[in-house]
Structure formats: C-alpha cells, structure tokens
Amino acid sequence: MGRRSQAVGQTYESMLDGYHDTLRQRGVADVRKVPTPVAIRSRTGGVVSGVERSSTVDYSGTLIGGVAVYFDAKTTQGSRWRIDQLKAHQLAFLLDQHSLGAIVFVLVERRRGARRQHVIPVNYIHRAV
C-alpha cells in the first residue's frame, strides 16, 4: 500500500474511531479497532524492528443486546470499490463469524465526488466472488 493510500485510510479510521467513541459513551455499542499484529524480527539496544502480519479485520465489538459485530473499513479514491481489495483470509474470517450469528460487513468510503459510505454485507460479497 502506498503512503498516500495509507494516510487516507488512517484518516477514515480516525473518523470511525471518533464515531465509535460516541456510541460507547452512549452505551449503544463497544466497537474498537483491532491492532495489526507485528512479528518482532530483531531487537538491538532500545530499537525493535518488526514486520506487520496479516490481520483479520479492522474492527470488532458488541452491540447492545450482546450481538457481535465485525467489519473491515476500506477507502477508494475512485467511483467504485474492487472486491479484490478484501483479502481471502479476511473474507473467510467474516464468513466464519457470520455463520456464528455475528453481524459482518465491509464498510466502504468512496472519496470521489461527494463522499459516501456503503455497508456491504458479507453474504453479498461471498455471492459475487
């Protein structure tokens, strides 16, 4: 992922984090960013170097009533989002959680023209693949 794409994605995630903080304060949901796992390669003095490993999805949490929710947040500069931006292991994770009764989806932000967000249910993506 390029630096510009990464910066745009981080901006979107910061906006989502603020929204989730509001939901948590109101007692409606507790949704949090899932940290990206890092494998430590070496440690020299006070410096630790590592590489990012594959993560499951960007967000997980619980809605009021105890319902689990999992989703991945994607951003596109274009007018369309390509399904191949969702990695196979992420789709598999979402489908597994869906089979257990969780609410699962991909949240896509389109940045071209008027900014829009779309909720795409995982079962729709699974049929399209």
# chains A, B, ... in the order shown; residues from 1 in each chain; ligands from 1

call {"tool": "residues_around", "arguments": {"residues": "Arg26 of chain A", "least_positions_apart": "6", "cutoff": "12 Å", "atoms": "only C-alpha atoms", "output": "ChimeraX atom specification"}}
result
/A:19-20,63-64

call {"tool": "residues_around", "arguments": {"residues": "Ile103 of chain A", "least_positions_apart": "6", "cutoff": "8 Å", "atoms": "only C-alpha atoms", "output": "PyMOL selection string"}}
result
chain A and resi 67-70+97

call {"tool": "closest_atom_pairs", "arguments": {"of": "segment 15-34 of chain A", "to": "segment 71-74 of chain A", "cutoff": "10 Å", "atoms": "only C-alpha atoms", "output": "tab-separated table"}}
result
residue	atom	partner	partner_atom	distance
A:Leu16	CA	A:Ala73	CA	8.9
A:Val31	CA	A:Phe71	CA	9.8
A:Lys33	CA	A:Asp72	CA	9.7
A:Val34	CA	A:Asp72	CA	9.9

call {"tool": "residues_around", "arguments": {"residues": "Pro121 of chain A", "least_positions_apart": "5", "cutoff": "8 Å", "atoms": "only C-alpha atoms", "output": "list of chain:residue names"}}
result
A:Val104, A:Phe105, A:Val106

call {"tool": "write_last_selection", "arguments": {"atoms": "C-alpha atoms", "output": "short mmCIF file (atom, residue, chain, number, x, y, z; two decimals), in the first residue's frame"}}
result
data_model
loop_
_atom_site.label_atom_id
_atom_site.label_comp_id
_atom_site.auth_asym_id
_atom_site.auth_seq_id
_atom_site.Cartn_x
_atom_site.Cartn_y
_atom_site.Cartn_z
CA VAL A 104 -20.46 -8.79 9.49
CA PHE A 105 -19.88 -6.41 6.62
CA VAL A 106 -17.39 -4.26 4.75
#

call {"tool": "residues_around", "arguments": {"residues": "Gly78 of chain A", "least_positions_apart": "4", "cutoff": "12 Å", "atoms": "only C-alpha atoms", "output": "list in words"}}
result
Ser5, Lys74, Arg82, Val108, Glu109, Arg110, Arg111, Arg112, Gly113, Ala114, Arg115 and Arg116 of chain A

call {"tool": "write_last_selection", "arguments": {"atoms": "all heavy atoms", "output": "CSV table (one decimal), in the first residue's frame"}}
result
chain,number,residue,atom,x,y,z
A,5,SER,N,-2.2,6.3,0.1
A,5,SER,CA,-3.3,5.4,0.4
A,5,SER,C,-3.4,5.1,1.9
A,5,SER,O,-4.5,5.1,2.5
A,5,SER,CB,-3.2,4.1,-0.4
A,5,SER,OG,-3.3,4.4,-1.8
A,74,LYS,N,-12.8,0.0,4.2
A,74,LYS,CA,-12.0,0.2,3.0
A,74,LYS,C,-12.3,1.6,2.5
A,74,LYS,O,-13.4,2.2,2.6
A,74,LYS,CB,-12.4,-0.8,1.9
A,74,LYS,CG,-12.2,-2.2,2.4
A,74,LYS,CD,-10.7,-2.6,2.5
A,74,LYS,CE,-10.5,-4.1,2.8
A,74,LYS,NZ,-9.1,-4.4,3.0
A,82,ARG,N,-13.3,-2.2,-5.6
A,82,ARG,CA,-13.0,-3.6,-6.2
A,82,ARG,C,-13.0,-4.6,-5.1
A,82,ARG,O,-12.3,-4.4,-4.0
A,82,ARG,CB,-11.6,-3.6,-6.9
A,82,ARG,CG,-11.6,-2.7,-8.1
A,82,ARG,CD,-10.3,-2.8,-8.9
A,82,ARG,NE,-9.3,-3.6,-8.3
A,82,ARG,CZ,-8.1,-3.1,-7.8
A,82,ARG,NH1,-7.8,-1.8,-7.9
A,82,ARG,NH2,-7.2,-3.9,-7.3
A,108,VAL,N,-17.3,0.7,3.1
A,108,VAL,CA,-16.5,1.3,2.1
A,108,VAL,C,-16.8,2.8,2.0
A,108,VAL,O,-18.0,3.2,1.9
A,108,VAL,CB,-16.8,0.6,0.7
A,108,VAL,CG1,-16.0,1.3,-0.4
A,108,VAL,CG2,-16.5,-0.8,0.7
A,109,GLU,N,-15.8,3.6,2.0
A,109,GLU,CA,-15.9,5.0,1.8
A,109,GLU,C,-15.4,5.3,0.4
A,109,GLU,O,-14.3,5.0,0.0
A,109,GLU,CB,-15.0,5.8,2.8
A,109,GLU,CG,-15.0,7.3,2.6
A,109,GLU,CD,-13.9,8.0,3.3
A,109,GLU,OE1,-12.8,7.6,3.2
A,109,GLU,OE2,-14.2,9.1,3.8
A,110,ARG,N,-16.2,6.0,-0.4
A,110,ARG,CA,-15.9,6.5,-1.7
A,110,ARG,C,-15.5,7.9,-1.6
A,110,ARG,O,-16.4,8.7,-1.1
A,110,ARG,CB,-17.0,6.3,-2.7
A,110,ARG,CG,-17.2,4.9,-3.1
A,110,ARG,CD,-18.2,4.7,-4.3
A,110,ARG,NE,-19.2,5.8,-4.2
A,110,ARG,CZ,-20.1,6.0,-5.1
A,110,ARG,NH1,-20.3,5.2,-6.1
A,110,ARG,NH2,-21.0,7.0,-4.9
A,111,ARG,N,-14.4,8.3,-2.0
A,111,ARG,CA,-13.9,9.7,-1.9
A,111,ARG,C,-14.1,10.5,-3.1
A,111,ARG,O,-13.9,11.7,-3.1
A,111,ARG,CB,-12.4,9.7,-1.4
A,111,ARG,CG,-12.3,9.0,0.0
A,111,ARG,CD,-10.9,9.0,0.4
A,111,ARG,NE,-10.3,10.3,0.7
A,111,ARG,CZ,-10.3,10.8,1.9
A,111,ARG,NH1,-10.9,10.2,2.9
A,111,ARG,NH2,-9.8,12.0,2.1
A,112,ARG,N,-14.4,9.9,-4.3
A,112,ARG,CA,-14.6,10.7,-5.5
A,112,ARG,C,-15.9,11.4,-5.5
A,112,ARG,O,-16.9,10.8,-5.1
A,112,ARG,CB,-14.5,9.8,-6.7
A,112,ARG,CG,-14.8,10.6,-8.0
A,112,ARG,CD,-14.6,9.7,-9.2
A,112,ARG,NE,-13.3,10.1,-9.7
A,112,ARG,CZ,-12.6,9.4,-10.6
A,112,ARG,NH1,-13.2,8.4,-11.2
A,112,ARG,NH2,-11.4,9.8,-11.0
A,113,GLY,N,-15.9,12.7,-5.8
A,113,GLY,CA,-17.1,13.5,-5.8
A,113,GLY,C,-17.6,13.7,-4.4
A,113,GLY,O,-16.8,13.9,-3.5
A,114,ALA,N,-18.9,13.5,-4.2
A,114,ALA,CA,-19.5,13.6,-2.8
A,114,ALA,C,-19.0,12.4,-2.1
A,114,ALA,O,-19.2,11.2,-2.5
A,114,ALA,CB,-21.0,13.7,-2.9
A,115,ARG,N,-18.5,12.6,-0.9
A,115,ARG,CA,-18.0,11.4,-0.1
A,115,ARG,C,-19.2,10.6,0.3
A,115,ARG,O,-20.2,11.1,0.8
A,115,ARG,CB,-17.3,11.9,1.2
A,115,ARG,CG,-15.9,12.2,1.0
A,115,ARG,CD,-15.3,12.4,2.3
A,115,ARG,NE,-13.8,12.4,2.2
A,115,ARG,CZ,-13.0,12.7,3.1
A,115,ARG,NH1,-13.5,13.2,4.3
A,115,ARG,NH2,-11.7,12.7,3.0
A,116,ARG,N,-19.1,9.3,0.1
A,116,ARG,CA,-20.2,8.4,0.5
A,116,ARG,C,-19.7,7.2,1.2
A,116,ARG,O,-18.6,6.7,0.9
A,116,ARG,CB,-21.0,8.0,-0.7
A,116,ARG,CG,-21.7,9.1,-1.4
A,116,ARG,CD,-22.5,8.6,-2.6
A,116,ARG,NE,-23.0,9.8,-3.3
A,116,ARG,CZ,-24.3,10.1,-3.2
A,116,ARG,NH1,-25.2,9.3,-2.6
A,116,ARG,NH2,-24.8,11.1,-3.9

call {"tool": "atom_distance", "arguments": {"atom1": "atom CA of Asp84 of chain A", "atom2": "atom CA of Asp96 of chain A"}}
result
18.7 Å

call {"tool": "atom_distance", "arguments": {"atom1": "atom CA of Leu107 of chain A", "atom2": "atom CA of Ser79 of chain A"}}
result
14.7 Å

call {"tool": "closest_residue", "arguments": {"among": "A:Thr44, A:Ser55, A:Thr62, A:Thr22", "to": "Ala102 of chain A", "atoms": "only C-alpha atoms"}}
result
A:Thr62

call {"tool": "closest_residue", "arguments": {"among": "A:Asp17, A:Gly65, A:Leu86, A:Leu95", "to": "Ala29 of chain A", "atoms": "only C-alpha atoms"}}
result
A:Gly65

call {"tool": "closest_residue", "arguments": {"among": "A:Gln117, A:Thr75, A:Gln10, A:Ser60", "to": "Phe93 of chain A", "atoms": "only C-alpha atoms"}}
result
A:Ser60
